[in-house]
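J.: Structure provided below as structure tokens; questions to follow.
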Amino acid sequence: MNFKTTLKVALATAAMAMATGAAAQNYKPEYRMSLVVGTAFPWGQGGQIWADLVRERTNGRINIKLYPGVSLVNGDQTREFSAVRQGVIDMAIGSTINWSPQIKELNVFSLPFLATTWAQTDAMTGGEVGKQIFDIIEKRGAIPLAWGENGFRQLTNSKRIVSSPADMKGMKIRVVGSPLFIDAFTALGANPTQMSWADAQPALASGAVDGQENPLSIFVAAKMDKLGQKYITEWNYMNDPLVFVVNKDVWNSWTAADRDIVRQAAQDAAKQQIALARKPVKETILAMGVGITQLTPAQLAEFKKVTKPVYDKWVKQIGPSLVKKAEQAVANA
Ligand code: X2X
């Protein structure tokens, strides 16, 4: 190779490096994705799919490692959103419940018996409500990219069949991190206690609590029959959407082309994740020897009536105009 050719090759190499990644010099060798549960669960599988798509489509420029068990915040899922904002976490697929202590509007999804079908959930996340929530998340310093789903949360317990609030009287129920759940389960006559997912499993196993509420896909993957849970009440009292999100500084450090790839990958992964979360699992649960109680319209109405004051109280905290939009979306779904 003569001098001229060598120079040409060197220039071409430099130009290529600039084109593929002028900013890539600022890229981290690894990005940390926070999740509450791992790949045995549809939620964690969604994380794996997102990470794999991004790695493939960026030719490895963006390399994501999964941190299930919210291990980057020592298992405290209610601190996950703050950690995303602060950059302790680069990206996450987070539950609206877990982030609601920081973003009170997210409680709109937890209003008891507001959305009780998938069409109604989709009408909320896919419409005005979803847009407004994404604006709020972005104003709070994280970039939301897609909606996923944990699922409709069902009541489970070790004691008895529950088909009315009276059956829940005095029952010790583990609930998640939003105070709305303490209000709702107190109104239902139960004795709720808030704890993290990590603490919930030993508490169920030891009988320190009698029951809990989670989607059926979580029940199956966590093998809750082995945690003493024998009775399920299928009441669809709320769905738990998930949000695919990236820390703002991380987002801004990527080239526009890579940001497009990450966004599209999140949307593609979210679609697959929701399909996984909605896969029927009732046969599996019945085969575990666990009973599933379905409610008549009259029985459902009783649960709805008892939790109505909680609904009304939380409308004020969430913001009446956002709740009105949600109610309209549900009514038209
Ligand atoms: O803690 C729970 O119950 C879980 C796994 O569903 C959430 O993170 C909201």
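Each chain in the structure tokens gets a letter, A, B, ..., in the order shown, and its residues are numbered from 1; ligands are numbered from 1 in order too.
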Go through chain A residue by residue and, counting only C-alpha atoms and all ligand atoms, keep those with an atom at most 7 Å from ligand 1; for each kept residue give the shortest atom pair and its distance in Å to one decimal, ordered by chain and increasing number, as CSV.

T.:
residue,atom,partner,partner_atom_place_in_ligand_line,distance
A:Val36,CA,ligand 1,8 (O),5.4
A:Val37,CA,ligand 1,5 (C),6.6
A:Gln77,CA,ligand 1,8 (O),6.6
A:Ser95,CA,ligand 1,9 (C),5.5
A:Ile97,CA,ligand 1,9 (C),5.7
A:Asn98,CA,ligand 1,9 (C),5.8
A:Asn150,CA,ligand 1,6 (O),6.9
A:Val176,CA,ligand 1,1 (O),5.5
A:Ser196,CA,ligand 1,1 (O),5.8
A:Trp197,CA,ligand 1,1 (O),4.0
A:Glu213,CA,ligand 1,3 (O),6.8
A:Asn214,CA,ligand 1,6 (O),5.4

J.: Limited to C-alpha atoms, could you put the picked residues into a file as a compact mmCIF listing (two decimals), in the first residue's frame?

T.:
# COMPACT_ATOMS: atom_id res chain seq x y z
CA VAL A 36 -39.60 -6.31 39.08
CA VAL A 37 -39.69 -9.90 37.80
CA GLN A 77 -40.04 -1.16 43.57
CA SER A 95 -45.58 -0.83 36.69
CA ILE A 97 -48.62 1.10 40.54
CA ASN A 98 -44.97 1.11 41.52
CA ASN A 150 -48.87 -6.76 33.86
CA VAL A 176 -48.57 -2.97 46.58
CA SER A 196 -42.58 -5.22 48.32
CA TRP A 197 -42.90 -8.16 45.95
CA GLU A 213 -53.65 -9.53 44.56
CA ASN A 214 -51.78 -10.01 41.29

J.: Tell me, counting only C-alpha atoms, for each residue of region 225-333 of chain A within 12 Å of region 119-125 of chain A, which pair of atoms is nearest and how far apart they are in Å to one decimal, in rows ordered by chain and increasing number, as a Markdown table.

T.:
| residue | atom | partner | partner_atom | distance |
| --- | --- | --- | --- | --- |
| A:Asn236 | CA | A:Thr121 | CA | 11.0 |
| A:Tyr237 | CA | A:Thr121 | CA | 11.6 |
| A:Met238 | CA | A:Thr121 | CA | 9.0 |
| A:Asn239 | CA | A:Thr121 | CA | 7.0 |
| A:Asp240 | CA | A:Thr121 | CA | 9.0 |
| A:Pro241 | CA | A:Thr125 | CA | 8.0 |
| A:Leu242 | CA | A:Thr125 | CA | 9.9 |
| A:Val243 | CA | A:Thr125 | CA | 10.0 |
| A:Lys271 | CA | A:Asp122 | CA | 11.8 |
| A:Ile274 | CA | A:Asp122 | CA | 10.6 |
| A:Leu322 | CA | A:Met124 | CA | 10.5 |
| A:Val323 | CA | A:Met124 | CA | 10.2 |
| A:Lys324 | CA | A:Met124 | CA | 11.1 |
| A:Lys325 | CA | A:Met124 | CA | 8.3 |
| A:Ala326 | CA | A:Met124 | CA | 5.9 |
| A:Glu327 | CA | A:Met124 | CA | 8.7 |
| A:Gln328 | CA | A:Met124 | CA | 9.0 |
| A:Ala329 | CA | A:Ala123 | CA | 5.5 |
| A:Val330 | CA | A:Gln120 | CA | 4.8 |
| A:Ala331 | CA | A:Gln120 | CA | 7.9 |
| A:Asn332 | CA | A:Ala123 | CA | 8.1 |
| A:Ala333 | CA | A:Gln120 | CA | 5.3 |

J.: Tell me which of A:Tyr27, A:Tyr231, A:Phe303, A:Phe244 sits closest to Met288 (chain A), counting only C-alpha atoms.

T.: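 Looking at the shortest contact to Met288 (chain A), the residue is A:Tyr231.
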
J.: Report as CSV: every residue of region 236-310 of chain A with an atom at most 12 Å from region 58-67 of chain A, its closest pair of atoms, and their distance in Å to one decimal, counting only C-alpha atoms, with rows sorted by chain and ascending residue number.

T.:
residue,atom,partner,partner_atom,distance
A:Val246,CA,A:Ile64,CA,11.6
A:Val250,CA,A:Ile62,CA,10.8
A:Trp251,CA,A:Ile62,CA,11.3
A:Ser253,CA,A:Ile62,CA,11.3
A:Trp254,CA,A:Ile62,CA,9.1
A:Thr255,CA,A:Arg61,CA,10.8
A:Ala257,CA,A:Thr58,CA,9.2
A:Asp258,CA,A:Thr58,CA,6.8
A:Arg259,CA,A:Thr58,CA,10.0
A:Asp260,CA,A:Thr58,CA,10.4
A:Ile261,CA,A:Thr58,CA,7.3
A:Val262,CA,A:Thr58,CA,8.6
A:Gln264,CA,A:Thr58,CA,11.8
A:Ala265,CA,A:Thr58,CA,10.4

J.: Could you check how far CA of Phe113 (chain A) sits from CA of Pro165 (chain A), in Å to one decimal?

T.: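 Those two atoms sit 14.3 Å apart.
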
J.: When DSSP works through the backbone of this structure, what residues of region 193-271 of chain A end up as alpha helix (DSSP H), shown as a ChimeraX atom specification?

T.: /A:197-206,216-221,248-253,256-271

J.: Residues at most 10 Å from Ser82 (chain A), counting only C-alpha atoms, excluding those fewer than 6 positions away in the same chain, as a list of chain:residue names?

T.: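 Surrounding residues, per the criterion: A:Val73, A:Val88, A:Ile89, A:Trp99, A:Pro101, A:Gln102, A:Arg140, A:Gly141, A:Ala142.
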
J.: Counting only C-alpha atoms, figure out which residue out of A:Met91, A:Ala277, A:Val108, A:Ala203 gets nearest to Arg263 (chain A).

T.: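 Closest to Arg263 (chain A) of all the choices is A:Met91.
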
J.: What separation in Å, quoted to one decimal, exists between CA of Leu53 (chain A) and CA of Asp268 (chain A)?

T.: 8.6 Å

J.: Do a neighbour search on Ile318 (chain A) at 9 Å with only C-alpha atoms, toss out local chain neighbours closer than 2 positions, and write the hits as a ChimeraX atom specification.

T.: /A:104-108,314-316,320-323

J.: For a quick check of understanding, using only C-alpha atoms, which of A:Gln299, A:Gly47, A:Arg79, A:Phe41 has the smallest distance to Asp167 (chain A)?

T.: A:Gln299
